[in-house]
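The structure appears right after this line, and notes come after that.
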Amino acid sequence: MTHSFDKSKLPSRHVSVGPERAPHRSYYYAMGLTEEEIARPFVGVVSAGNDSAPCNTTLDAQADIARKGVEQGGGMPRRFNTITVTDGIAMGHQGMKSSLISREVIADSIELSVRGHCYDALVGFAGCDKSLPGMMMAMLRLNVPSIFVYGGSILPGRYKGKDVTVKDVFEIVGKYAAGACPLSELEELERVACPGHGACGGQYTANTMACVGEAIGLSLPNSNMAPAPYSTRDQIAHAAGAQVMELLAANIRPRDICTREAFVNAARIVAATGGSTNGALHLPAMAHEAGIDFDLFDVAEAFKSTPYMADLQPGGQFVARDMYDAGGIYMLMKSLLGEGLLYGDCMTVTGKTLGENIEQITWNPDQKVIYPATAPITPTGGVVGLRGSLAPDGAIVKVAGMERLKFIGPAQVFNCEEDCFAAVEARQIREGAVIVIRYEGPKGGPGMREMLSTTAALYGQGMGEKVALITDGRFSGATRGFCIGHVGPEAADCGPIALIEDGDEIIIDAEIGVIDLNVPAEVLEQRRKNWRPRTTDYGSGALWRYAQNVGPAYKGAVTHPGGQAETHVYADI
């Protein structure tokens with residue numbers, strides 16, 4: 001349906017209405033627009049499309065299809081692009097320091113483009129990990145009517161009769177280093193693991209945040225789990241463009257949708273799907289944009305009472321394609337809502353509540369991916385928050401698929417990921433140890449690197465269940481094993497993790513949510529007096545600037561005061 005819009009109340013009036021805007025309109029005429037088209041609302045269509053990785057290669061084409069939906073609804077689409085840093089390629093070297101920082105750059109770049117050109121609404125297409133929360137953060141910051149679209153996951157590769165993902169490639173590196181397979185096997189797997197376009201197929205960060213987009217109400221129902229190669233992606237893109245015009249007509253904005261209750265819903269979906277621990281970093285950051293207090297402990301509180309229901313990799317068997325074919329995230333949410341574990345009255349981009357959307361879903365008893373909430377894989381979530389003397393500001397661990405939830409062992413300490421990875425390759429990691437990788441936090445890294453190369457190599461060597469690993473950095477959603485991230489305060493702020501010495505006993509209990517350092521307080525106090533800050537190699541540029549501004553991980557590792565400090569919202573200019 002095409003609506004009639006009063007542009008005198010929209011931001012785009014500042015670049016298109018009145019005699020004084022003749023110079024501005026001349027630019028639009030230069031691009032072939034007509035007088036009638038200039039009089040329409042301007043809708044930003046932002047794509048993270050690029051050639052950096054298969055996660056992003058279909059996004060521009062999908063965004064162009066969304067333009068047609070915007071036009072159908074009476075809007076004038078204005079497409080622009082933002083950056084990505086692709087974790088699978090940035091992993092295991094200094095490039096990973098750029099990953100989390102890119103989330104802020106993505107949000108900032110979208111804000112600046114929308115502000116500078118006075119767009120009235122926004123449709124965003126993202127593929128790789130940080131581009132998903134980055135776009136949703138920008139939508140909440142700007143608060144113009146918005147719809148988030150995930151570009152879709154990659155289909156699984158096939159190797160020796162089994163579905164495989166990039167996780168298997170990272171793990172075979174450790175297997176090869178241990179002498180457990182020939183180089184030819186590694187080379188054969190790397191050629192078939194990623195068979196085409198789309199983001200990583202397991203319930204890693206991209207798919208976790210794609211599920212969040214639907215659960216929190218910013219994405220159309222059952223839109224995000226459709227794989228990138230599926231033709232349904234074109235229909236989804238067109239529908240998003242058309243629907244954002246309905247939101248503009250009804251003045252339904254992201255902050256009307258993303259209430260505190262909606263964030264609880266999103267946290268429950270992270271836990272129920274055995275999603276990435278990065279969800280506990282991105283949800284607080286998104287809430288921060290809307291001026292909502294929702295930190296790691298709030299996320300963990302939602303996790304405590306959420307059943308683990310989706311048998312997805314890396315802890316389970318299936319990939320995103322299987323989840324979509326089984327009925328998608330709305331199928332899982334139907335069961336959660338039926339047990340009173342979701343807030344069904346939260347608004348969504350359909351213009352209806354989450355509960356009203358779920359009413360349209362029929363439970364599929366024949367699928368094998370999603371367990372009912374009444375008979376889940378495990379009664380509590382696939383992700384757990386921890387707190388204790390080692391992490392007063394909290395930590396996070398993915399327990400999906402793990403049998404061992406308690407670990408006590410001596411510390412084996414490394415001051416950066418490279419040193420730990422070298423020790424893994426040299427087979428110097430001691431069975432029963434708690435590996436500590438520190439000075440990898442948001443400030444100390446800087447950039448809070450993920451540790452998939454190290455954790456996957458441990459698994460490849462058969463050590464994955466024989467050690468635990470803690471860090472003030474992060475883990476990939478593909479990480480499995482007893483791997484605890486986001487330990488805070490970070491080492492750069494002289495948190496307890498900075499004071500650990502080789503051999504110190506560390507106690508971890510993911511059943512009750514505890515992580516303790518068993519060292520007398522007086523000993524720690526003496527170590528604190530002897531501690532000296534470490535300098536990084538980054539004295540200028542984006543990484544330096546990030547380190548100066550970034551806050552603690554438990555609050556989302558954000559770099560500005562957020563919605564609570566606003567004097568105005570962009571949408572109301």
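Residue numbers start at 1 in each chain; chains themselves are named A, B, ... in the order of the structure tokens; ligands are numbered from 1 in the order shown.
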
query: Can you tell me, as a VMD selection string, what residues are no more than 8 Å from A:Val264 when counting only C-alpha atoms, ignoring any on the same chain fewer than 6 positions away?
result: chain A and resid 299 302 342

- request: Using DSSP on the backbone coordinates, identify the residues of stretch 210-399 of chain A assigned to strand (DSSP E); present them as a ChimeraX atom specification.
  value: /A:383-388,391-398

Polymer residues at most 10 Å from A:Ala239, only C-alpha atoms, same-chain spacing of 4 or more positions, as a tab-separated table (two decimals) with all heavy atoms, in the first residue's frame:
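result04.tsv, freshly written:
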chain	number	residue	atom	x	y	z
A	65	ILE	N	17.12	-5.06	-4.21
A	65	ILE	CA	15.74	-5.56	-4.27
A	65	ILE	C	14.87	-4.83	-3.26
A	65	ILE	O	13.70	-4.50	-3.53
A	65	ILE	CB	15.72	-7.07	-4.05
A	65	ILE	CG1	16.39	-7.78	-5.23
A	65	ILE	CG2	14.29	-7.59	-3.87
A	65	ILE	CD1	16.64	-9.25	-5.01
A	66	ALA	N	15.43	-4.53	-2.08
A	66	ALA	CA	14.67	-3.79	-1.07
A	66	ALA	C	14.27	-2.41	-1.57
A	66	ALA	O	13.21	-1.88	-1.20
A	66	ALA	CB	15.49	-3.67	0.21
A	68	LYS	N	13.13	-1.64	-4.36
A	68	LYS	CA	11.85	-1.76	-5.07
A	68	LYS	C	10.68	-1.81	-4.09
A	68	LYS	O	9.61	-1.26	-4.37
A	68	LYS	CB	11.87	-3.00	-5.95
A	68	LYS	CG	12.97	-2.98	-7.03
A	68	LYS	CD	13.03	-4.29	-7.80
A	68	LYS	CE	14.17	-4.28	-8.82
A	68	LYS	NZ	14.30	-5.59	-9.52
A	69	GLY	N	10.89	-2.46	-2.96
A	69	GLY	CA	9.85	-2.49	-1.94
A	69	GLY	C	9.60	-1.11	-1.36
A	69	GLY	O	8.44	-0.74	-1.09
A	70	VAL	N	10.67	-0.34	-1.14
A	70	VAL	CA	10.52	1.02	-0.64
A	70	VAL	C	9.72	1.87	-1.62
A	70	VAL	O	8.80	2.60	-1.25
A	70	VAL	CB	11.91	1.65	-0.38
A	70	VAL	CG1	11.77	3.15	-0.09
A	70	VAL	CG2	12.62	0.95	0.77
A	72	GLN	N	7.61	0.82	-3.84
A	72	GLN	CA	6.23	0.33	-3.83
A	72	GLN	C	5.43	0.97	-2.70
A	72	GLN	O	4.23	1.26	-2.84
A	72	GLN	CB	6.22	-1.19	-3.69
A	72	GLN	CG	4.83	-1.81	-3.53
A	72	GLN	CD	4.92	-3.30	-3.26
A	72	GLN	OE1	5.52	-4.06	-4.03
A	72	GLN	NE2	4.35	-3.74	-2.15
A	220	LEU	N	11.73	-9.10	10.23
A	220	LEU	CA	10.48	-9.76	9.88
A	220	LEU	C	10.49	-11.20	10.37
A	220	LEU	O	11.54	-11.84	10.41
A	220	LEU	CB	10.28	-9.73	8.36
A	220	LEU	CG	10.05	-8.33	7.76
A	220	LEU	CD1	10.09	-8.41	6.24
A	220	LEU	CD2	8.73	-7.74	8.23
A	223	SER	N	12.64	-14.59	8.84
A	223	SER	CA	13.35	-14.04	7.68
A	223	SER	C	14.84	-14.30	7.73
A	223	SER	O	15.48	-14.47	6.68
A	223	SER	CB	13.12	-12.53	7.61
A	223	SER	OG	13.60	-11.87	8.77
A	233	ARG	N	15.28	-15.25	-0.17
A	233	ARG	CA	15.95	-14.04	0.30
A	233	ARG	C	15.51	-12.82	-0.50
A	233	ARG	O	15.42	-11.71	0.03
A	233	ARG	CB	17.47	-14.20	0.22
A	233	ARG	CG	18.01	-15.26	1.19
A	233	ARG	CD	18.97	-14.65	2.19
A	233	ARG	NE	18.40	-13.58	2.95
A	233	ARG	CZ	17.83	-13.71	4.15
A	233	ARG	NH1	17.76	-14.90	4.72
A	233	ARG	NH2	17.35	-12.68	4.78
A	234	ASP	N	15.24	-12.99	-1.79
A	234	ASP	CA	14.76	-11.88	-2.61
A	234	ASP	C	13.40	-11.40	-2.13
A	234	ASP	O	13.14	-10.19	-2.04
A	234	ASP	CB	14.66	-12.29	-4.08
A	234	ASP	CG	16.03	-12.55	-4.71
A	234	ASP	OD1	17.05	-12.23	-4.06
A	234	ASP	OD2	16.07	-13.07	-5.85
A	235	GLN	N	12.54	-12.35	-1.79
A	235	GLN	CA	11.21	-11.98	-1.30
A	235	GLN	C	11.30	-11.26	0.04
A	235	GLN	O	10.57	-10.31	0.30
A	235	GLN	CB	10.36	-13.25	-1.16
A	235	GLN	CG	10.18	-14.03	-2.47
A	235	GLN	CD	9.72	-15.46	-2.23
A	235	GLN	OE1	9.13	-15.76	-1.19
A	235	GLN	NE2	10.00	-16.34	-3.17
A	243	GLN	N	7.72	-2.94	4.00
A	243	GLN	CA	7.21	-2.85	5.38
A	243	GLN	C	7.77	-1.64	6.12
A	243	GLN	O	7.10	-1.09	7.00
A	243	GLN	CB	7.52	-4.14	6.15
A	243	GLN	CG	6.99	-4.18	7.57
A	243	GLN	CD	5.46	-4.04	7.66
A	243	GLN	OE1	4.76	-4.37	6.70
A	243	GLN	NE2	4.97	-3.55	8.78
A	244	VAL	N	8.99	-1.20	5.78
A	244	VAL	CA	9.52	-0.04	6.50
A	244	VAL	C	8.67	1.20	6.22
A	244	VAL	O	8.56	2.09	7.07
A	244	VAL	CB	11.01	0.20	6.13
A	244	VAL	CG1	11.17	0.94	4.79
A	244	VAL	CG2	11.71	0.98	7.25

Counting only C-alpha atoms, give me one row per residue of stretch 256-313 of chain A with an atom at most 8 Å from an atom of stretch 200-219 of chain A, showing the shortest contact pair and its distance in Å to one decimal, sorted by chain then residue number, as a Markdown table.
| residue | atom | partner | partner_atom | distance |
| --- | --- | --- | --- | --- |
| A:Ile257 | CA | A:Gly217 | CA | 6.2 |
| A:Cys258 | CA | A:Ile216 | CA | 6.1 |
| A:Ala262 | CA | A:Ile216 | CA | 5.1 |
| A:Phe263 | CA | A:Ile216 | CA | 6.2 |
| A:Asn265 | CA | A:Ala215 | CA | 6.2 |
| A:Ala266 | CA | A:Val212 | CA | 5.1 |
| A:Ala267 | CA | A:Val212 | CA | 7.8 |
| A:Ile269 | CA | A:Val212 | CA | 6.8 |
| A:Val270 | CA | A:Thr208 | CA | 6.3 |
| A:Thr273 | CA | A:Gln203 | CA | 7.4 |
| A:Gly274 | CA | A:Gln203 | CA | 7.1 |
| A:Gly275 | CA | A:Thr208 | CA | 5.2 |
| A:Ser276 | CA | A:Thr205 | CA | 5.1 |
| A:Thr277 | CA | A:Thr205 | CA | 7.8 |
| A:Asn278 | CA | A:Thr205 | CA | 6.3 |
| A:Gly279 | CA | A:Met209 | CA | 6.8 |
| A:Leu312 | CA | A:Gln203 | CA | 6.0 |
| A:Gln313 | CA | A:Gly202 | CA | 4.9 |

task: Find the residues near stretch 462-476 of chain A: any atom within 9 Å, counting only C-alpha atoms, skip ones fewer than 6 places away on the same chain, and give them as a ChimeraX atom specification.
output: /A:87,174-175,178,204-205,276-278,395,402,404,407-409,429-442,444-445,447-452,455-456,482-491,497,508,553

task: Write out as a PyMOL selection string each polymer residue whose atoms come within 7 Å of stretch 327-331 of chain A, counting only C-alpha atoms; drop sequence neighbours fewer than 4 positions from it.
output: chain A and resi 211+221-222+225+323+335+358+361+363

Atoms kept (C-alpha atoms) for selection, written as an mmCIF file, in the first residue's frame:
data_model
loop_
_atom_site.group_PDB
_atom_site.id
_atom_site.type_symbol
_atom_site.label_atom_id
_atom_site.label_comp_id
_atom_site.auth_asym_id
_atom_site.auth_seq_id
_atom_site.Cartn_x
_atom_site.Cartn_y
_atom_site.Cartn_z
ATOM 1 C CA CYS A 211 18.071 -14.816 15.822
ATOM 2 C CA PRO A 221 9.300 -13.138 11.240
ATOM 3 C CA ASN A 222 11.248 -16.165 9.997
ATOM 4 C CA MET A 225 17.581 -18.046 9.048
ATOM 5 C CA MET A 323 16.941 -24.565 11.688
ATOM 6 C CA SER A 335 7.334 -23.224 22.561
ATOM 7 C CA ILE A 358 3.669 -16.342 17.021
ATOM 8 C CA ILE A 361 3.006 -20.412 13.698
ATOM 9 C CA TRP A 363 4.395 -26.367 15.844
#

task: Any chance you could list, as a PyMOL selection string, the residues in stretch 137-335 of chain A that come up helix (DSSP H, G or I) when DSSP is run on the backbone?
output: chain A and resi 137-142+166-177+183-192+205-215+232-250+254-257+260-272+279-289+296-304+320-326+328-335
